[in-house]
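Colleague: My structure is stored as data.cif, with mmCIF, C-alpha atoms.
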```cif
data_run
loop_
_atom_site.label_atom_id
_atom_site.label_comp_id
_atom_site.auth_asym_id
_atom_site.auth_seq_id
_atom_site.Cartn_x
_atom_site.Cartn_y
_atom_site.Cartn_z
CA MET A 1 -50.30 2.80 13.35
CA ASN A 2 -46.64 3.51 14.09
CA MET A 3 -44.12 1.22 12.41
CA PRO A 4 -40.79 0.78 14.16
CA GLU A 5 -37.86 2.52 12.52
CA ILE A 6 -35.42 0.27 10.69
CA SER A 7 -31.81 1.34 10.76
CA ASP A 8 -29.70 1.39 7.61
CA GLU A 9 -27.66 -1.53 8.98
CA GLU A 10 -30.80 -3.60 9.63
CA LEU A 11 -32.14 -2.81 6.17
CA GLU A 12 -28.84 -3.78 4.55
CA ALA A 13 -28.75 -7.04 6.53
CA MET A 14 -32.30 -7.84 5.40
CA LEU A 15 -31.40 -7.21 1.75
CA GLU A 16 -28.23 -9.32 1.93
CA ARG A 17 -29.91 -12.28 3.64
CA ARG A 18 -29.66 -15.49 1.71
CA PRO A 19 -32.68 -17.78 1.45
CA SER A 20 -32.95 -20.52 4.05
CA VAL A 21 -32.48 -24.13 2.98
CA ARG A 22 -36.26 -24.56 2.99
CA GLU A 23 -36.81 -21.39 0.93
CA ALA A 24 -34.16 -22.53 -1.56
CA LYS A 25 -35.79 -25.97 -1.89
CA VAL A 26 -39.23 -24.41 -2.42
CA ALA A 27 -37.82 -22.05 -5.07
CA ASP A 28 -36.03 -24.97 -6.78
CA HIS A 29 -39.22 -27.04 -6.78
CA GLU A 30 -41.18 -24.11 -8.25
CA LEU A 31 -38.59 -23.77 -11.03
CA MET A 32 -38.87 -27.51 -11.80
CA VAL A 33 -42.66 -27.25 -11.99
CA LYS A 34 -42.33 -24.22 -14.26
CA ALA A 35 -39.90 -26.13 -16.50
CA LEU A 36 -42.40 -28.97 -16.85
CA GLU A 37 -45.51 -26.78 -17.21
CA HIS A 38 -44.71 -25.57 -20.71
CA PRO A 39 -45.43 -28.08 -23.50
CA VAL A 40 -42.51 -26.90 -25.67
CA ARG A 41 -40.06 -27.33 -22.79
CA ARG A 42 -41.46 -30.81 -22.09
CA ARG A 43 -41.00 -31.75 -25.76
CA MET A 44 -37.45 -30.34 -25.72
CA ILE A 45 -36.44 -32.27 -22.61
CA LYS A 46 -37.97 -35.46 -23.98
CA ALA A 47 -36.35 -34.97 -27.42
CA ILE A 48 -32.90 -34.27 -25.98
CA GLY A 49 -33.20 -37.39 -23.83
CA VAL A 50 -30.15 -39.16 -22.49
CA PHE A 51 -28.15 -38.89 -25.73
CA GLY A 52 -28.50 -35.19 -26.61
CA LYS A 53 -29.44 -33.53 -29.90
CA LYS A 54 -27.91 -31.09 -32.36
CA LYS A 55 -29.71 -27.73 -32.55
CA ALA A 56 -31.20 -28.15 -36.03
CA GLU A 57 -32.41 -31.67 -35.25
CA LEU A 58 -33.92 -30.60 -31.92
CA GLN A 59 -35.62 -27.53 -33.36
CA LYS A 60 -37.10 -29.55 -36.24
CA GLU A 61 -38.32 -32.30 -33.90
CA VAL A 62 -39.93 -29.81 -31.49
CA GLY A 63 -41.37 -27.80 -34.40
CA VAL A 64 -40.89 -24.21 -33.24
CA ASP A 65 -39.52 -21.01 -34.78
CA ASP A 66 -36.12 -19.53 -33.86
CA ALA A 67 -37.47 -17.04 -31.30
CA THR A 68 -39.47 -19.68 -29.41
CA PHE A 69 -36.60 -22.16 -29.59
CA ASN A 70 -34.08 -19.64 -28.22
CA PHE A 71 -36.42 -18.43 -25.46
CA GLN A 72 -37.22 -21.94 -24.25
CA THR A 73 -33.66 -23.26 -24.45
CA ASP A 74 -32.43 -20.16 -22.59
CA PHE A 75 -34.92 -20.93 -19.80
CA LEU A 76 -33.71 -24.54 -19.59
CA ILE A 77 -30.03 -23.52 -19.66
CA LYS A 78 -30.46 -20.83 -16.98
CA GLY A 79 -32.36 -23.34 -14.83
CA ASN A 80 -29.41 -25.73 -15.22
CA TYR A 81 -31.54 -28.40 -16.93
CA VAL A 82 -29.76 -28.24 -20.30
CA LYS A 83 -26.19 -27.49 -21.38
CA VAL A 84 -24.60 -27.06 -24.80
CA GLU A 85 -21.63 -29.33 -25.47
CA ASN A 86 -19.91 -29.71 -28.84
CA ASP A 87 -22.81 -28.07 -30.72
CA ALA A 88 -25.30 -30.43 -29.08
CA TYR A 89 -27.90 -29.85 -26.40
CA ARG A 90 -27.54 -32.25 -23.47
CA LEU A 91 -29.51 -32.68 -20.27
CA THR A 92 -27.69 -31.98 -17.03
CA ASP A 93 -28.29 -34.21 -14.00
CA ARG A 94 -31.15 -31.86 -13.08
CA GLY A 95 -32.59 -32.23 -16.58
CA LEU A 96 -32.29 -35.99 -16.46
CA ALA A 97 -34.26 -35.94 -13.20
CA LEU A 98 -37.14 -34.29 -15.09
CA LEU A 99 -37.38 -37.01 -17.77
CA PRO A 100 -39.40 -39.53 -15.72
CA ASN A 101 -41.96 -36.78 -14.98
CA ILE A 102 -42.83 -36.29 -18.65
CA PRO A 103 -45.62 -38.53 -19.93
CA LYS A 104 -44.78 -40.68 -22.95
#
```
Any chance you could give the structure as structure tokens?
Modeller:
Amino acid sequence: MNMPEISDEELEAMLERRPSVREAKVADHELMVKALEHPVRRRMIKAIGVFGKKKAELQKEVGVDDATFNFQTDFLIKGNYVKVENDAYRLTDRGLALLPNIPK
């Protein structure tokens, strides 16, 4: 089976293509599901709540070691669900949108 040749310009254009609006929404939804799938992340989001929490208080309440805490908070920060302000973890608007999806 002969595949058509792709020029360097076509290949570069394919690599530089941005996701469509639909693809971006699907990827965003998948990230939200992934954020909520993990029980530690759910506990973190719930514990931070609308008022925020200091690191030591949050880590104690969630009950995880430093490595797990750092890994999970990094995930939430990179996903733009959590931010650190004045030595406290706070939910972003995206993080606040997750709160109603976490069972009590």
Colleague: Of the residues A:Glu37, A:Glu30, A:Glu85, A:Glu9, which is the one nearest to Ile102 (chain A), using all atoms listed in the file?
Modeller: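 For Ile102 (chain A), the nearest of the given residues is A:Glu37.
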Colleague: Applied to the shown file, which residues does the PyMOL selection byres ((chain A and resi 57) around 12) return, written as a PDB file with C-alpha atoms, in the coordinates of the input?
Modeller:
```pdb
ATOM      1  CA  MET A  44     -37.450 -30.340 -25.720  1.00  0.00           C
ATOM      2  CA  ALA A  47     -36.350 -34.970 -27.420  1.00  0.00           C
ATOM      3  CA  ILE A  48     -32.900 -34.270 -25.980  1.00  0.00           C
ATOM      4  CA  GLY A  52     -28.500 -35.190 -26.610  1.00  0.00           C
ATOM      5  CA  LYS A  53     -29.440 -33.530 -29.900  1.00  0.00           C
ATOM      6  CA  LYS A  54     -27.910 -31.090 -32.360  1.00  0.00           C
ATOM      7  CA  LYS A  55     -29.710 -27.730 -32.550  1.00  0.00           C
ATOM      8  CA  ALA A  56     -31.200 -28.150 -36.030  1.00  0.00           C
ATOM      9  CA  LEU A  58     -33.920 -30.600 -31.920  1.00  0.00           C
ATOM     10  CA  GLN A  59     -35.620 -27.530 -33.360  1.00  0.00           C
ATOM     11  CA  LYS A  60     -37.100 -29.550 -36.240  1.00  0.00           C
ATOM     12  CA  GLU A  61     -38.320 -32.300 -33.900  1.00  0.00           C
ATOM     13  CA  VAL A  62     -39.930 -29.810 -31.490  1.00  0.00           C
ATOM     14  CA  GLY A  63     -41.370 -27.800 -34.400  1.00  0.00           C
ATOM     15  CA  VAL A  64     -40.890 -24.210 -33.240  1.00  0.00           C
ATOM     16  CA  PHE A  69     -36.600 -22.160 -29.590  1.00  0.00           C
ATOM     17  CA  ASP A  87     -22.810 -28.070 -30.720  1.00  0.00           C
ATOM     18  CA  ALA A  88     -25.300 -30.430 -29.080  1.00  0.00           C
ATOM     19  CA  TYR A  89     -27.900 -29.850 -26.400  1.00  0.00           C
TER      20      TYR A  89
END
```
Colleague: Just give me the gap between CA of Ala67 (chain A) and CA of Ile45 (chain A) in Å, one decimal is fine.
Modeller: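 It comes out at 17.6 Å.
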Colleague: If you measure from CA of Asp93 (chain A) to CA of Glu23 (chain A), what distance in Å do you get, rounded to one decimal?
Modeller: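 We find that CA of Asp93 (chain A) and CA of Glu23 (chain A) lie 21.4 Å from each other.
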Colleague: If you measure from CA of Pro103 (chain A) to CA of Ala24 (chain A), what distance in Å do you get, rounded to one decimal?
Modeller: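 Going from CA of Pro103 (chain A) over to CA of Ala24 (chain A), I get 26.9 Å.
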Colleague: Can you tell me, as an NGL selection string, what residues are no more than 7 Å from Thr92 (chain A) when counting all atoms listed in the file, ignoring any on the same chain fewer than 4 positions away?
Modeller: :A and (80-83 or 96)
Colleague: Evaluate the PyMOL selection byres ((chain A and resi 32) around 12) and record the selected residues as a list in words, following the chain and residue labels used in the document.
Modeller: Lys25, Val26, Ala27, Asp28, His29, Glu30, Leu31, Val33, Lys34, Ala35, Leu36, Glu37, His38, Arg41, Arg42, Phe75, Leu76, Lys78, Gly79, Asn80, Tyr81, Arg94, Gly95, Leu96, Ala97, Leu98, Leu99, Asn101 and Ile102 of chain A
